[in-house]
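Structure first, commentary second.
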Amino acid sequence: MALSVELRFGELFLSLEQNPSEDNFKRLITFVQNLVTDPKRQHPIHLTPSYAENVVRALLRLAGRQERKIGGLLKISSEISLHSLYLLAIEVPEVQDALVGFPVTSLSTVRFDLHIFEGSNEDHKAIALKFVILLRKLSPKFKDLHTYVRRSDEVKQLLKDYDKEEKAAVQPAERRRSAEGYIAPQSGAYYDVPVPQVLKAFGTDSNVGLSTDEVYKRRQEYGPNELPKAKPRPWWKILFQQVAEFMVLVLVAAAVASAAVGEYKGAVTLAIVIVINTIIGFVQEYKAERALNSLMSLEVPRATVVRDGEVAEIPAADLVPGDVVCLDEGNAIPADLRLFEAINLDIIESVLTGESDSVHKHTEPILKKDIPIGDRKNMAYMSTTVVKGRGKGIVITTGIKTEAGKISEHLAKAKQPQTPLQRRLGVLGKWLVFIAAWLCGLIIAIGLIQGKPVQPLVLLAVSLGVSVIPEGLATVVVVTMALGVRRMAKKNAIVRRLAAVETLGSVSTICSDKTGTLTEGKMRATTLWLLAKNKTFEITGSGTEPVGEFLIKNSPIDPKVLVAADESSDDWKPLRTALEIVSLCNNSAVQRDPESGNWERIGDPTEVALMLAAMKMEFGKVDLLGAVKKKENSSDSKRKKKRKAAKGGKLNFSFVTEVAFDSNRKRMSVVYKDDDTGDYHVYVKGGLESVMSLCTTATTKQQARIEKMSLRLGKEGLRVLTLAYRHIPASDTETISKIDWNKESDVESNLVFIGLIGLIDPPRKEVAAAIAKCYGAGIRVCMITGDHQVTASSIAEKLGIVNPYGRAMRGVEIDLLAQEQALESLEPVPCVFARVSPENKLQIVEALQARREVVAMTGDGVNDAPAIKKSDVGVAMGISGTDITKSAASIVLRDDNFDTIARAVEEGRVIYDNIQKFILYLLSCNSAEIFLVLLAMIIGEETPMTTIQILWANIIADVPPAMALGIDPAEPDVMSRPPRPPEQNILTPDAFAIIGLHGIDMCLLALASYFIALYPQGYKVPTTSYSAPADVEFAKRQLNHAQTAAWATLTAIQLFHGLLARSKLLSVFQVGVIRNKWMLGAIAVSFTLLVAGIYIPGLNTLLELYPLEGWDWLKIFVAIACHFVISEVGKLILRNLPCLTVKQRVLVDEEEMETVNMPNKDRDEEDE
């Protein structure tokens, strides 16, 4: 029915566009009246949402027109269009949704005043008023609709007169009623609606938020707040892509060619090869795809909301319209929000608008119609990111109905690009096909010169060409990477970009944040020093709950002393002020869970530690300000909203403004007003240099004492923050009148220094060993921190970070060197950087990359994103990291632990090693077959292996061992080698040497076995030219025996070579024979198939194999032993050839390295 209605509407609108005549308008109203009043209609009228929006837009456009006909005809355009829209809005829910979605200013163009005051038809006047009433029922946003049109006072009066009729007016059709009878609020564009009306429309409170019951009802109605995700490939598409691989298509062509010339055994065998490779590839890639998809659920977006009056962190998918969401620097916006609080709030909306500059937000309604997203400065949209400040907003729309949801379908269809390694291996595969074709031609040419028949030559050439092609190459790459990514996820490293997996193996420098990555990230305030009377307080107790004491000279201070003391007391005033600063200049929250009784900590770890310290003296924010009232004061356009304290706190303060912490400023400030006295209090905390530059009261002697104390605390490994304040009495009206509270320079001026507070963040226990492992792997570790250089050096020394520069380099020094372009040429390279800014991080990355280093950079803050994106491997913190940092990173650490980075680097090396092992194994084995046949042909002998034998060898000797190599555990020396150059090809000179060595030695051993079996008596075997049938039969058996011996020898060596191929340079005894259980299983299965092919009657006839005797097997095992010796000697030589190995870079002097404890732990056995 919806389709037929939409088609009819289309016809009518087209007619009106072409000829807006009275007849056409009458046809429109007749159709609408018949539609909504049809007595035979048994089902509700429904239109698709997009079409309903188009109908509303068209009718609004027509209603806004005033068609004046010559000859006094009626002005019908506006009247009939409005009447039609009114009737549809009564009956069609989708039309109601579309109306609510339109801005109020768009609806004002209907010109209600025209109908009420200038029309001659009283019915149309009534319809106009009823339409206004209907809109007011649909949404509170239309409550003040009359203020947007002419003669608003008269319209308002008429609406009052119609109040009685409003109660009896036709009610709109029920919208989105759930099974329980719950009617959800309407979503739509609310940028033109004042905040109180938005709160009313969604039935929520800005302080309390929604109740749990209300959230449940709305979640049932709206569903999860999720965007559509890319659907996993169906099994049939994975299977088809396996068959459509270029190298598989070459095999198909070879099978068809074999069948065409009548060699059906070869064609069948090729078909078996294709089927086996396809099945293995399909199964492995199917599992790999599912494994990668399952990892997507590990990184769950979070949102901070207010529900039931409590602040809580929830999965963003659980948000519903009406939720109150708290925004902070670095947060990704979890849904479309109408902002009602914005404190220095800047948001980057480039994902929606394409503009890279941030947008400054406010909360006032925007009384314009149809403005673009970039101009809606009181809205925050899903998938955009907060880069500065904080705020709060009401969820307006969720999921697919958000602005991001409208474009999400296109994003979901985006394909995963191939990694550079995959592209290089694709090129390698095509080169191997070209080589195979060239070899086919060479074999045919040699055979024709020797006068051999064409058909057998073609079949032999095709079978050898097939040997060259590594059919499972693409599959092994995908499977190896997928399994490696899954192992990394188990170790808390979530890979967001597959290309990072291969880059990890080349990382030569890791630049790591200190706090939370090298240290535990569990800050605890331990020391408070006050300048007044040079007092030092020791802070005891836990860093997870407000339990502990303040000690001065080992004597505890009773919190009641501070409460009872006069605020003007010289003894306690500095301590009171210091505690007010750490408590009020703080955005964290520490509260007890009423159900579990545990303390919940929300916010930055440093601020949480400060809040806990204040709470130990009963000076927490709740202690000072009391419980916050549910209702907040209304705001106006010239002043920030104030947060009023409730009765019961020590202070009767109102919040005035905040200058948020910034990585460049390195400080934070808040302003409160004492509502009892009218005084203003400015509280500031931050880095010493940043805050001291704003203090005006400290003498030269006091400054020296401050710097000395800061240095002492820093040497103890403490993070030191400076506390300062400013008191402006109400009597100083001149100063107050000159201050612009929204201006940073006005707020943060004429400060008074109070003291220093030291916080300890102990190093992680496992980090020292991880750093030592990185040094053993030739990887430089740099520590980058915003702390004082003394603190940074102390922590670096404890962690074993070798700093050949001798001291920590400060951010200001980096700026100077960068200006002179001398940073990249600095020798020696510093490894500890202190007091750095985000710009400094980017400068460090660029300088290291200019030295041809491959850099991994960690970060958690918003301003770290440029450096992370610029680095070769960006690593974001999963716990403390902001959403914008995670989106810029290639890898996210779920535990924020440096040891996880080291493990990820190790895993990246293992993945690359396994892919290279797979390729070297296949090329070594296949080259042996080619050398064997070519050498025999050149010396004029019969081919040592038949076509069917070559194909059977490919089935049993290539696929199982090669697949087992793709999941091989790490080699013992994987973290004892230097990093791999990123531009290095997978086939390096030493790789070519290995392929040549193994190919030739396997060829010669098989050829020796062939000749020993062919000439058992030392004379030439008879040929088929003999006339005696017995001699001819004997010759055939002897040749078949020799071919079987050669085939079994070569295949057995290849299977045993799977164990030797587990390392390019290390001995099999160093690698371990039994560590790869999959390899042992693959060899056992393949060797069973080898023996079965020789001895099972029927099968050996099909494969043209001859039963071997004990003497033959003795020769085979001797050949395996010879190959083992040759391989081990070759590895020994290669390990000591400087031309074939990459020498380790010298990061630090050997004497310095000896001072560091650098145990090299083996990789976890769980990887087996």
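By order in the structure tokens, chains are A, B, ...; within a chain, residues start at 1; ligands start at 1, following the order shown.
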Proximity of range 773-851 of chain A to range 514-524 of chain A: per-residue shortest pair, 7 Å limit, only C-alpha atoms, as a tab-separated table:
residue	atom	partner	partner_atom	distance
A:Met783	CA	A:Lys514	CA	6.2
A:Ile784	CA	A:Lys514	CA	6.3
A:Thr785	CA	A:Lys514	CA	5.6
Those selected residues, please, written with all heavy atoms and delivered as a PDB file, in the first residue's frame.
ATOM      1  N   MET A 783      61.983   7.344  26.772  1.00  0.00           N
ATOM      2  CA  MET A 783      60.909   7.715  27.687  1.00  0.00           C
ATOM      3  C   MET A 783      60.569   9.183  27.489  1.00  0.00           C
ATOM      4  O   MET A 783      61.450  10.050  27.532  1.00  0.00           O
ATOM      5  CB  MET A 783      61.323   7.466  29.139  1.00  0.00           C
ATOM      6  CG  MET A 783      60.202   7.714  30.127  1.00  0.00           C
ATOM      7  SD  MET A 783      60.666   7.332  31.833  1.00  0.00           S
ATOM      8  CE  MET A 783      61.594   8.796  32.234  1.00  0.00           C
ATOM      9  N   ILE A 784      59.290   9.457  27.270  1.00  0.00           N
ATOM     10  CA  ILE A 784      58.826  10.823  27.034  1.00  0.00           C
ATOM     11  C   ILE A 784      57.784  11.145  28.097  1.00  0.00           C
ATOM     12  O   ILE A 784      56.819  10.403  28.273  1.00  0.00           O
ATOM     13  CB  ILE A 784      58.215  10.952  25.631  1.00  0.00           C
ATOM     14  CG1 ILE A 784      59.255  10.597  24.563  1.00  0.00           C
ATOM     15  CG2 ILE A 784      57.679  12.349  25.394  1.00  0.00           C
ATOM     16  CD1 ILE A 784      58.725  10.622  23.153  1.00  0.00           C
ATOM     17  N   THR A 785      57.986  12.256  28.808  1.00  0.00           N
ATOM     18  CA  THR A 785      57.081  12.591  29.896  1.00  0.00           C
ATOM     19  C   THR A 785      56.965  14.098  30.048  1.00  0.00           C
ATOM     20  O   THR A 785      57.832  14.850  29.597  1.00  0.00           O
ATOM     21  CB  THR A 785      57.574  11.970  31.226  1.00  0.00           C
ATOM     22  OG1 THR A 785      56.690  12.330  32.280  1.00  0.00           O
ATOM     23  CG2 THR A 785      58.983  12.437  31.551  1.00  0.00           C
TER      24      THR A 785
END
Near-Gly209 in chain A list (8 Å; only C-alpha atoms; drop same-chain fewer than 2 positions) as a list in words: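 So, after excluding close chain neighbours, the residues are Thr204, Asp205, Ser206, Asn207, Ser211, Val305, Val306, Arg307, Asp308, Gly309, Gly322, Asp323 and Val324 of chain A.
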For Arg810 in chain A: contacts at 6 Å, only C-alpha atoms, fewer than 6 positions along chain excluded, given as an MDAnalysis selection string: chainID A and resid 833:835
Within 8 Å of range 1069-1082 of chain A using only C-alpha atoms, minus same-chain residues under 6 positions, as JSON, numbers by chain: {"A": [960, 961, 964, 965, 968, 969, 971, 972, 1058, 1059, 1062, 1063, 1168]}
Go through range 454-537 of chain A residue by residue and, counting only C-alpha atoms, keep those with an atom at most 12 Å from range 712-716 of chain A; for each kept residue give the shortest atom pair and its distance in Å to one decimal, ordered by chain and increasing number, as a Markdown table.
| residue | atom | partner | partner_atom | distance |
| --- | --- | --- | --- | --- |
| A:Ala525 | CA | A:Leu713 | CA | 11.9 |
| A:Thr526 | CA | A:Leu713 | CA | 10.2 |
| A:Thr527 | CA | A:Leu713 | CA | 8.5 |
| A:Leu528 | CA | A:Leu713 | CA | 10.1 |
| A:Trp529 | CA | A:Leu713 | CA | 9.8 |
| A:Thr536 | CA | A:Leu713 | CA | 11.2 |
Within 7 Å of Ala1006 in chain A using only C-alpha atoms, minus same-chain residues under 2 positions, as a list in words: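 In the requested form, the answer reads Met1002, Cys1003, Leu1004, Ala1008, Ser1009, Tyr1010, Ala1046, Thr1049 and Leu1050 of chain A.
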Separation of CA of Thr858 in chain A from CA of Ser350 in chain A in Å: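 Interatomic distance, CA of Ser350 in chain A to CA of Thr858 in chain A: 23.5 Å.
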d(CA of Thr503 in chain A, CA of Phe992 in chain A) in Å: 22.7 Å
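CA of Ala461 in chain A sits 6.0 Å away from CA of Ile443 in chain A.
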Residues of range 649-734 of chain A at most 8 Å from range 743-752 of chain A: nearest atom pair and distance in Å, only C-alpha atoms, as CSV:
residue,atom,partner,partner_atom,distance
A:Val659,CA,A:Glu744,CA,6.6
A:Ser669,CA,A:Glu748,CA,7.2
A:Val671,CA,A:Val747,CA,7.8
A:Val682,CA,A:Val747,CA,7.3
A:Val684,CA,A:Glu748,CA,7.8
A:Leu694,CA,A:Ser749,CA,5.7
A:Cys695,CA,A:Leu751,CA,4.4
A:Thr696,CA,A:Asn750,CA,5.5
A:Thr697,CA,A:Val752,CA,5.9
A:Ala698,CA,A:Val752,CA,7.6
A:Ala724,CA,A:Val752,CA,5.4
A:Tyr725,CA,A:Val752,CA,5.3
A:Arg726,CA,A:Leu751,CA,5.1
Could you pull out the strand (DSSP E) residues of range 869-900 of chain A from DSSP and send them as a compact mmCIF listing (two decimals) with N, CA and C atoms, in the first residue's frame?
# COMPACT_ATOMS: atom_id res chain seq x y z
N VAL A 873 54.34 2.97 13.77
CA VAL A 873 53.37 2.15 14.51
C VAL A 873 52.86 2.98 15.67
N GLY A 874 51.63 3.47 15.57
CA GLY A 874 51.02 4.25 16.64
C GLY A 874 50.37 3.32 17.65
N VAL A 875 50.67 3.55 18.92
CA VAL A 875 50.16 2.69 20.00
C VAL A 875 49.39 3.56 20.98
N ALA A 876 48.09 3.27 21.15
CA ALA A 876 47.25 4.03 22.06
C ALA A 876 46.97 3.22 23.32
N MET A 877 46.75 3.94 24.41
CA MET A 877 46.43 3.29 25.68
C MET A 877 44.93 2.99 25.73
N ILE A 891 47.58 0.20 16.96
CA ILE A 891 47.44 -0.83 18.00
C ILE A 891 46.94 -0.16 19.27
N VAL A 892 46.02 -0.83 19.96
CA VAL A 892 45.51 -0.34 21.23
C VAL A 892 45.87 -1.35 22.33
N LEU A 893 46.49 -0.85 23.40
CA LEU A 893 46.87 -1.71 24.52
C LEU A 893 45.75 -1.72 25.55
Shell around Ile373 in chain A at 9 Å using only C-alpha atoms, local window under 4 positions removed, as a list in words: Glu349, Leu352, Thr353, Lys377, Met379, Tyr381 and Glu403 of chain A
Backbone DSSP call of helix (DSSP H, G or I) for range 883-1085 of chain A, listed as a ChimeraX atom specification: /A:883-888,898-938,947-965,989-1014,1029-1060,1068-1071,1077-1085
